[in-house]
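Dropping target_2.csv in here (CSV, C-alpha atoms):
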```
chain,number,residue,atom,x,y,z
A,1,MET,CA,30.4,-10.1,-91.0
A,2,GLU,CA,27.8,-12.6,-90.1
A,3,GLU,CA,29.8,-15.7,-90.8
A,4,MET,CA,32.7,-14.5,-88.6
A,5,THR,CA,31.5,-15.5,-85.2
A,6,ASP,CA,34.0,-18.4,-85.1
A,7,ILE,CA,36.2,-17.9,-82.0
A,8,ASN,CA,39.3,-19.1,-83.9
A,9,ARG,CA,38.7,-16.5,-86.5
A,10,GLU,CA,38.4,-13.8,-83.8
A,11,LEU,CA,41.7,-14.8,-82.2
A,12,MET,CA,43.4,-15.0,-85.6
A,13,LEU,CA,46.5,-12.8,-86.0
A,14,ASP,CA,49.0,-12.2,-88.8
A,15,ALA,CA,52.4,-13.9,-88.9
A,16,ASN,CA,53.8,-10.5,-87.9
A,17,ALA,CA,52.8,-11.5,-84.4
A,18,THR,CA,55.2,-14.4,-84.5
A,19,ALA,CA,58.1,-12.5,-86.1
A,20,GLY,CA,60.3,-12.8,-83.0
A,21,LEU,CA,59.9,-16.6,-82.8
A,22,LEU,CA,60.5,-17.0,-86.6
A,23,TYR,CA,63.7,-14.9,-86.2
A,24,GLU,CA,64.7,-17.2,-83.4
A,25,ILE,CA,64.2,-20.3,-85.6
A,26,PHE,CA,65.6,-19.1,-88.9
A,27,GLY,CA,68.2,-16.6,-87.6
A,28,THR,CA,66.9,-13.8,-89.8
A,29,GLU,CA,64.0,-11.5,-90.2
A,30,MET,CA,61.3,-13.7,-91.9
A,31,THR,CA,58.1,-11.7,-92.2
A,32,ALA,CA,59.1,-10.0,-95.5
A,33,SER,CA,60.5,-13.3,-96.9
A,34,PRO,CA,58.8,-14.7,-100.0
A,35,MET,CA,57.2,-18.1,-99.8
A,36,GLU,CA,54.8,-20.3,-101.8
A,37,CYS,CA,51.8,-22.2,-100.4
A,38,ALA,CA,52.1,-25.9,-101.2
A,39,THR,CA,48.3,-26.3,-101.4
A,40,CYS,CA,47.2,-23.5,-103.7
A,41,GLY,CA,50.5,-22.1,-105.1
A,42,TYR,CA,49.8,-18.6,-103.8
A,43,GLU,CA,53.1,-16.7,-103.6
A,44,SER,CA,53.3,-14.1,-100.9
A,45,GLU,CA,55.4,-13.1,-97.9
A,46,VAL,CA,55.5,-14.9,-94.6
A,47,GLY,CA,54.0,-11.8,-92.8
A,48,ASP,CA,50.9,-12.3,-94.9
A,49,LEU,CA,50.1,-15.7,-93.3
A,50,LEU,CA,47.3,-16.0,-90.9
A,51,ALA,CA,48.5,-16.9,-87.4
A,52,PHE,CA,46.7,-19.0,-84.8
A,53,THR,CA,48.7,-18.6,-81.6
A,54,GLN,CA,46.3,-19.6,-78.8
A,55,GLY,CA,46.9,-23.4,-79.0
A,56,PRO,CA,49.7,-25.4,-77.6
A,57,GLY,CA,51.5,-24.8,-80.9
A,58,ILE,CA,51.5,-22.0,-83.4
A,59,VAL,CA,49.8,-22.6,-86.8
A,60,LEU,CA,50.4,-20.4,-89.8
A,61,ARG,CA,47.9,-20.7,-92.6
A,62,CYS,CA,47.8,-19.4,-96.2
A,63,SER,CA,45.8,-16.2,-96.4
A,64,THR,CA,44.2,-17.3,-99.7
A,65,CYS,CA,43.3,-21.0,-99.3
A,66,GLU,CA,43.7,-21.1,-95.5
A,67,ASN,CA,45.5,-24.4,-95.5
A,68,VAL,CA,48.3,-25.0,-93.0
A,69,VAL,CA,51.7,-23.7,-94.2
A,70,LEU,CA,53.8,-23.9,-91.0
A,71,ARG,CA,53.3,-25.5,-87.6
A,72,ILE,CA,55.6,-24.7,-84.7
A,73,VAL,CA,55.7,-26.4,-81.3
A,74,GLN,CA,58.1,-25.2,-78.6
A,75,THR,CA,59.2,-27.4,-75.7
A,76,PRO,CA,61.8,-26.5,-73.1
A,77,GLU,CA,64.4,-28.6,-75.0
A,78,ALA,CA,63.6,-27.9,-78.6
A,79,ILE,CA,61.5,-26.3,-81.3
A,80,TYR,CA,59.6,-28.5,-83.7
A,81,LEU,CA,58.8,-27.1,-87.2
A,82,ASP,CA,56.5,-28.7,-89.7
A,83,ALA,CA,56.8,-26.8,-93.0
A,84,ARG,CA,55.0,-29.3,-95.3
A,85,GLY,CA,52.6,-26.6,-96.3
A,86,ALA,CA,55.2,-24.5,-98.0
A,87,VAL,CA,56.8,-25.2,-101.4
A,88,TYR,CA,59.7,-23.0,-100.2
A,89,LEU,CA,60.6,-20.2,-97.9
A,90,ARG,CA,63.3,-17.7,-98.9
A,91,LEU,CA,65.9,-16.8,-96.3
A,92,ALA,CA,67.8,-13.7,-96.9
A,93,ARG,CA,71.6,-14.1,-96.5
B,1,MET,CA,71.0,-7.2,-94.3
B,2,LYS,CA,71.6,-9.5,-91.4
B,3,GLN,CA,71.6,-8.5,-87.8
B,4,THR,CA,71.4,-10.4,-84.6
B,5,LEU,CA,68.3,-10.3,-82.5
B,6,ASN,CA,69.2,-10.6,-78.9
B,7,TRP,CA,67.4,-9.8,-75.7
B,8,GLN,CA,68.7,-6.6,-74.1
B,9,ILE,CA,67.9,-4.8,-70.9
B,10,ALA,CA,65.9,-1.7,-71.6
B,11,SER,CA,65.5,1.1,-69.1
B,12,VAL,CA,62.2,2.8,-68.6
B,13,LYS,CA,63.0,6.5,-69.1
B,14,ASP,CA,59.5,7.9,-69.1
B,15,ILE,CA,55.8,6.8,-68.8
B,16,LYS,CA,53.1,8.9,-70.2
B,17,PRO,CA,49.3,8.2,-69.9
B,18,GLU,CA,47.5,8.5,-73.2
B,19,THR,CA,44.0,7.5,-72.2
B,20,ALA,CA,42.5,5.8,-69.2
B,21,ASP,CA,43.7,2.4,-70.5
B,22,VAL,CA,46.7,3.3,-72.6
B,23,LYS,CA,50.2,4.5,-71.7
B,24,SER,CA,53.3,5.2,-73.7
B,25,PHE,CA,56.6,4.0,-72.3
B,26,THR,CA,59.9,5.5,-73.4
B,27,LEU,CA,62.6,2.8,-73.4
B,28,THR,CA,66.3,3.5,-73.6
B,29,LEU,CA,68.1,0.6,-75.3
B,30,PRO,CA,71.9,-0.1,-74.9
B,31,ALA,CA,72.0,-1.9,-78.2
B,32,TRP,CA,69.6,0.5,-80.0
B,33,MET,CA,69.1,-0.1,-83.7
B,34,ARG,CA,67.2,2.2,-86.0
B,35,HIS,CA,63.8,0.6,-86.6
B,36,ARG,CA,61.4,0.9,-89.6
B,37,ALA,CA,58.0,2.5,-88.9
B,38,GLY,CA,55.6,-0.4,-88.2
B,39,GLN,CA,58.0,-2.7,-86.5
B,40,HIS,CA,57.6,-3.9,-83.0
B,41,TYR,CA,59.6,-5.0,-79.9
B,42,ASP,CA,59.1,-8.2,-77.9
B,43,ILE,CA,58.9,-7.5,-74.2
B,44,ARG,CA,59.7,-10.4,-71.8
B,45,LEU,CA,59.0,-10.6,-68.1
B,46,THR,CA,60.5,-13.3,-65.8
B,47,ALA,CA,59.0,-14.2,-62.5
B,48,GLU,CA,61.2,-15.3,-59.6
B,49,ASP,CA,60.3,-19.0,-60.2
B,50,GLY,CA,61.5,-18.7,-63.8
B,51,TYR,CA,58.0,-18.4,-65.4
B,52,GLN,CA,58.2,-16.2,-68.4
B,53,ALA,CA,55.6,-14.2,-70.3
B,54,GLN,CA,56.3,-12.4,-73.5
B,55,ARG,CA,54.3,-10.0,-75.7
B,56,SER,CA,54.9,-8.0,-78.9
B,57,TYR,CA,54.3,-4.2,-78.8
B,58,SER,CA,54.4,-1.9,-81.7
B,59,ILE,CA,56.8,1.0,-81.7
B,60,ALA,CA,55.0,4.3,-81.7
B,61,SER,CA,58.0,6.6,-82.1
B,62,GLU,CA,59.7,7.7,-85.3
B,63,PRO,CA,63.0,6.0,-86.4
B,64,GLU,CA,64.7,9.3,-86.5
B,65,ARG,CA,65.0,9.4,-82.6
B,66,GLU,CA,68.2,7.8,-81.6
B,67,GLY,CA,68.9,5.5,-78.6
B,68,GLU,CA,65.3,5.1,-77.5
B,69,VAL,CA,61.8,4.1,-78.6
B,70,ASP,CA,58.3,4.6,-77.4
B,71,ILE,CA,55.9,1.7,-77.2
B,72,THR,CA,52.3,2.4,-76.5
B,73,VAL,CA,50.5,-0.3,-74.6
B,74,GLU,CA,46.8,-0.9,-73.9
B,75,ARG,CA,46.0,-2.4,-70.5
B,76,ILE,CA,44.2,-5.7,-70.9
B,77,ASN,CA,42.3,-6.4,-67.7
B,78,ASP,CA,43.5,-10.0,-67.2
B,79,GLY,CA,46.7,-9.6,-69.2
B,80,GLU,CA,49.9,-10.9,-67.8
B,81,VAL,CA,52.3,-8.4,-69.3
B,82,SER,CA,50.2,-5.2,-69.9
B,83,THR,CA,49.0,-5.1,-66.3
B,84,TYR,CA,52.6,-5.3,-65.1
B,85,LEU,CA,53.7,-2.5,-67.4
B,86,HIS,CA,50.7,-0.3,-66.4
B,87,ASP,CA,50.5,-1.0,-62.7
B,88,VAL,CA,54.0,-1.8,-61.5
B,89,LEU,CA,56.6,-0.3,-63.8
B,90,VAL,CA,58.0,3.1,-62.9
B,91,PRO,CA,60.7,5.2,-64.6
B,92,GLY,CA,64.1,3.8,-63.8
B,93,ASP,CA,63.0,0.2,-64.0
B,94,ARG,CA,64.6,-2.3,-66.4
B,95,ILE,CA,62.8,-4.8,-68.6
B,96,GLU,CA,63.9,-7.3,-71.2
B,97,ALA,CA,63.3,-6.3,-74.8
B,98,ARG,CA,64.3,-7.5,-78.2
B,99,GLY,CA,63.8,-5.8,-81.5
B,100,PRO,CA,63.1,-4.1,-83.8
B,101,ILE,CA,61.3,-7.0,-85.4
B,102,GLY,CA,59.1,-7.3,-88.5
B,103,GLY,CA,59.6,-6.5,-92.2
B,104,TYR,CA,56.1,-6.9,-93.6
B,105,PHE,CA,54.0,-4.2,-92.0
B,106,VAL,CA,56.5,-1.4,-92.5
B,107,TRP,CA,56.5,1.9,-94.3
B,108,GLU,CA,59.4,4.1,-95.3
B,109,ALA,CA,59.3,7.7,-96.3
B,110,THR,CA,61.0,6.8,-99.6
B,111,MET,CA,57.8,5.0,-100.6
B,112,ASP,CA,56.0,7.9,-102.2
B,113,ASP,CA,52.6,6.5,-103.1
B,114,PRO,CA,49.7,8.1,-101.3
B,115,LEU,CA,49.2,6.5,-97.9
B,116,PHE,CA,46.0,5.4,-96.4
B,117,LEU,CA,46.2,4.3,-92.8
B,118,ILE,CA,43.3,2.6,-91.1
B,119,ALA,CA,43.3,2.0,-87.3
B,120,GLY,CA,41.0,0.4,-84.8
B,121,GLY,CA,41.7,1.2,-81.2
B,122,SER,CA,45.3,0.7,-80.2
B,123,GLY,CA,46.0,-0.4,-83.8
B,124,VAL,CA,46.8,3.2,-84.3
B,125,VAL,CA,50.2,2.7,-82.6
B,126,PRO,CA,52.3,1.4,-85.6
B,127,LEU,CA,50.5,3.8,-87.9
B,128,MET,CA,51.5,6.7,-85.6
B,129,SER,CA,55.1,5.6,-86.0
B,130,MET,CA,54.6,5.9,-89.8
B,131,ILE,CA,52.9,9.4,-89.4
B,132,ARG,CA,55.7,10.6,-87.1
B,133,HIS,CA,58.3,9.2,-89.5
B,134,ARG,CA,56.6,10.9,-92.4
B,135,ALA,CA,56.8,14.2,-90.5
B,136,ALA,CA,60.4,13.8,-89.4
B,137,ALA,CA,61.5,12.8,-92.9
B,138,GLY,CA,59.6,15.7,-94.5
B,139,ALA,CA,57.8,13.4,-96.9
B,140,LYS,CA,55.1,15.0,-99.0
B,141,ASN,CA,53.0,12.1,-100.1
B,142,PRO,CA,49.2,12.6,-99.5
B,143,THR,CA,48.4,10.7,-96.3
B,144,CYS,CA,45.1,9.9,-94.6
B,145,LEU,CA,44.4,8.3,-91.3
B,146,LEU,CA,40.9,6.8,-90.7
B,147,TYR,CA,40.8,6.0,-87.0
B,148,SER,CA,38.0,4.1,-85.3
B,149,SER,CA,37.6,4.3,-81.5
B,150,ARG,CA,34.7,3.5,-79.2
B,151,ASN,CA,34.4,6.8,-77.4
B,152,PHE,CA,36.0,10.2,-77.7
B,153,GLU,CA,38.0,9.6,-74.5
B,154,ASP,CA,39.5,6.4,-76.0
B,155,ILE,CA,41.2,8.2,-78.9
B,156,ILE,CA,45.0,7.8,-78.5
B,157,TYR,CA,47.3,10.7,-79.6
B,158,TYR,CA,44.2,13.0,-80.2
B,159,ASN,CA,46.0,16.3,-79.6
B,160,GLU,CA,49.0,15.4,-81.7
B,161,LEU,CA,46.8,14.2,-84.5
B,162,GLU,CA,44.8,17.4,-84.3
B,163,LYS,CA,48.0,19.5,-84.5
B,164,LEU,CA,49.2,17.5,-87.6
B,165,ARG,CA,45.8,17.8,-89.2
B,166,SER,CA,45.8,21.6,-88.8
B,167,SER,CA,49.5,22.2,-89.7
B,168,ASN,CA,48.7,21.6,-93.4
B,169,HIS,CA,51.5,19.0,-94.0
B,170,GLY,CA,49.3,16.8,-96.2
B,171,VAL,CA,48.0,14.6,-93.4
B,172,GLN,CA,44.2,14.2,-93.1
B,173,VAL,CA,42.7,12.7,-90.1
B,174,PHE,CA,39.2,11.2,-89.9
B,175,HIS,CA,37.8,9.8,-86.7
B,176,THR,CA,34.8,7.5,-86.3
B,177,LEU,CA,33.3,6.9,-82.8
B,178,THR,CA,31.4,3.6,-82.6
B,179,ARG,CA,29.9,3.6,-79.2
B,180,SER,CA,29.2,7.2,-78.0
B,181,GLN,CA,29.9,10.7,-79.4
B,182,PRO,CA,30.2,14.1,-77.7
B,183,PRO,CA,27.3,16.4,-78.4
B,184,ASP,CA,29.1,18.5,-81.0
B,185,TRP,CA,30.8,15.6,-82.8
B,186,LYS,CA,31.4,16.2,-86.5
B,187,GLY,CA,33.2,13.0,-87.3
B,188,TYR,CA,31.8,9.6,-88.3
B,189,ALA,CA,29.6,7.8,-85.8
B,190,ARG,CA,29.5,4.2,-87.0
B,191,ARG,CA,31.7,1.2,-87.6
B,192,LEU,CA,34.0,1.3,-90.6
B,193,ASP,CA,32.0,0.4,-93.7
B,194,GLN,CA,32.5,0.4,-97.5
B,195,GLU,CA,30.8,3.8,-98.0
B,196,MET,CA,33.1,5.4,-95.4
B,197,LEU,CA,36.2,3.8,-96.8
B,198,LYS,CA,35.2,4.9,-100.3
B,199,GLU,CA,34.6,8.5,-99.2
B,200,VAL,CA,38.0,8.7,-97.5
B,201,ALA,CA,40.0,6.7,-100.0
B,202,GLN,CA,38.8,8.3,-103.2
B,203,PRO,CA,40.9,11.5,-103.2
B,204,LEU,CA,44.0,9.3,-102.7
B,205,GLY,CA,43.6,7.6,-106.1
B,206,ARG,CA,44.2,4.0,-107.3
B,207,SER,CA,47.9,3.8,-106.5
B,208,VAL,CA,47.3,4.2,-102.8
B,209,GLN,CA,49.3,2.1,-100.3
B,210,VAL,CA,47.1,0.9,-97.4
B,211,PHE,CA,48.0,-0.2,-93.9
B,212,ILE,CA,45.3,-1.5,-91.6
B,213,CYS,CA,45.9,-2.3,-88.0
B,214,GLY,CA,43.3,-3.2,-85.4
B,215,PRO,CA,41.2,-6.0,-84.0
B,216,THR,CA,40.9,-9.0,-86.4
B,217,LEU,CA,37.2,-8.3,-87.4
B,218,LEU,CA,37.8,-4.7,-88.2
B,219,VAL,CA,40.9,-5.6,-90.3
B,220,GLU,CA,38.9,-8.2,-92.2
B,221,ALA,CA,36.0,-5.9,-92.8
B,222,ALA,CA,38.2,-3.0,-94.0
B,223,ALA,CA,40.4,-5.1,-96.2
B,224,ASN,CA,37.4,-6.8,-97.9
B,225,ALA,CA,35.6,-3.5,-98.4
B,226,LEU,CA,38.7,-1.9,-100.0
B,227,VAL,CA,39.1,-4.7,-102.5
B,228,LYS,CA,35.4,-4.3,-103.4
B,229,ILE,CA,36.0,-0.6,-104.1
B,230,GLY,CA,38.9,-1.5,-106.5
B,231,ILE,CA,42.0,-1.3,-104.4
B,232,ARG,CA,44.5,-4.0,-105.3
B,233,SER,CA,44.9,-6.6,-102.6
B,234,ASP,CA,48.7,-6.4,-102.9
B,235,LYS,CA,48.6,-2.8,-101.9
B,236,ILE,CA,46.9,-3.6,-98.6
B,237,ARG,CA,49.0,-4.7,-95.7
B,238,THR,CA,47.3,-5.8,-92.5
B,239,GLU,CA,48.3,-6.3,-88.9
B,240,ARG,CA,45.6,-8.0,-86.8
B,241,PHE,CA,45.6,-8.2,-83.1
B,242,GLY,CA,43.2,-10.1,-81.0
B,243,PRO,CA,42.6,-10.7,-77.4
B,244,THR,CA,46.1,-12.1,-77.1
B,245,GLY,CA,46.2,-12.1,-73.3
B,246,GLY,CA,48.0,-8.7,-73.2
```
Produce structure tokens that represent the structure in this file.
Amino acid sequence: MEEMTDINRELMLDANATAGLLYEIFGTEMTASPMECATCGYESEVGDLLAFTQGPGIVLRCSTCENVVLRIVQTPEAIYLDARGAVYLRLAR
Amino acid sequence: MKQTLNWQIASVKDIKPETADVKSFTLTLPAWMRHRAGQHYDIRLTAEDGYQAQRSYSIASEPEREGEVDITVERINDGEVSTYLHDVLVPGDRIEARGPIGGYFVWEATMDDPLFLIAGGSGVVPLMSMIRHRAAAGAKNPTCLLYSSRNFEDIIYYNELEKLRSSNHGVQVFHTLTRSQPPDWKGYARRLDQEMLKEVAQPLGRSVQVFICGPTLLVEAAANALVKIGIRSDKIRTERFGPTGG
């Protein structure tokens, strides 16, 4: 517990917290969707990602290596999505 | 299984105080869809100048109830949405809602592994939906709730949990109170730790399915301790909430 006084860590959520926004972007329920981290190769589900939602954008990180998987920025006109940190995301038809 | 997720206008049917800071709201939904226990609704408020604030709230009720859901909301002092829900909203009011949302932190009565639910504070809400679903569906899997609150008065759903515990339906309930305890308190009186988790988890065996919901630090501590006592990390599902502005 001692090392966890980092404020970002305390504000950290799961990607569940961003489920509504992910649904808006992808048009389908995403938190149970399989995905692979491009940095460490960890295969999991989107809901397992760590979510940092207090900044101007939303950052989702791998729960294993903690590298960035998805970044989402919303403006009034558009949503920007940077998915470089994922090898793939699976969208259910 | 594709469905659309649209904002709808929910009506507030009932408001029930649970503790000094926590209320349950029964919402009737025109486009109601059966949820899965553990899912949430997004609630959106719009000010006259167009400013919008949106929060996610876990569903507390069982999916078996049709046409409506209960959400249980803790009032966060400087929160934009929870203060409105607590201080302004009255039965008959309408609010924007979309859901049910989420497929990761869900439990269904057909999953028959022993169930270990770990809650911190209002993290008990989605777990209560699971417990109510389990009862409504007549599931028989051994189930245990370990629930950490600050004080006795802060325990949400206390009476309902006591009833479940004494009705012999295979649900065990363990409380821990971290800040103060009543004089005759028989439960735990410390923060969740490895020893406590081991004591409570052991009778459930190795195939146990775990759901942890609470403040981030509690979730981290509980998940790490469970892995140390030999529970596979892929059997542990977590939902963290932090001071998200409520």
Report, in Å to a single decimal, how far apart CA of Asp193 (chain B) and CA of Arg206 (chain B) are.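 Interatomic distance here is 18.6 Å.
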What residues in chain B have any atom no more than 12 Å from chain A when counting all atoms listed in the file, and can you write them as an MDAnalysis selection string? chainID B and resid 1:7 38:44 51:52 54:58 97:106 191:193 212:222 224:225 233:234 236:245
Using CA of Phe116 (chain B) and CA of Thr19 (chain B) as the two end points, give the distance in Å to one decimal.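 Computing it gives 24.4 Å between the two atoms.
The two atoms in question, CA of Val12 (chain B) and CA of Asp93 (chain B), are spaced 5.3 Å apart.
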Between B:Asn151, B:Asn77, B:Thr110, B:Ser167, which residue has the minimum interatomic distance to Pro182 (chain B), considering all atoms listed in the file?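 Of the candidates, the smallest distance to Pro182 (chain B) is held by B:Asn151.
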Near Ile156 (chain B), within 8 Å and counting only C-alpha atoms, which residues show up once chain neighbours fewer than 5 positions away are dropped, as JSON, numbers by chain? {"B": [18, 19, 22, 121, 122, 124]}
Could you name the residues that touch region 68-76 of chain A at 6 Å or less, counting all atoms listed in the file, but leaving out those on the same chain fewer than 6 positions away, as a short mmCIF file (atom, residue, chain, number, x, y, z; two decimals) with C-alpha atoms, keeping the file's coordinate frame?
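New file part.cif:
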```
data_model
loop_
_atom_site.label_atom_id
_atom_site.label_comp_id
_atom_site.auth_asym_id
_atom_site.auth_seq_id
_atom_site.Cartn_x
_atom_site.Cartn_y
_atom_site.Cartn_z
CA GLY A 57 51.50 -24.80 -80.90
CA ILE A 58 51.50 -22.00 -83.40
CA VAL A 59 49.80 -22.60 -86.80
CA LEU A 60 50.40 -20.40 -89.80
CA ARG A 61 47.90 -20.70 -92.60
CA ASP A 82 56.50 -28.70 -89.70
CA ALA A 83 56.80 -26.80 -93.00
CA GLY A 85 52.60 -26.60 -96.30
CA ALA A 86 55.20 -24.50 -98.00
#
```
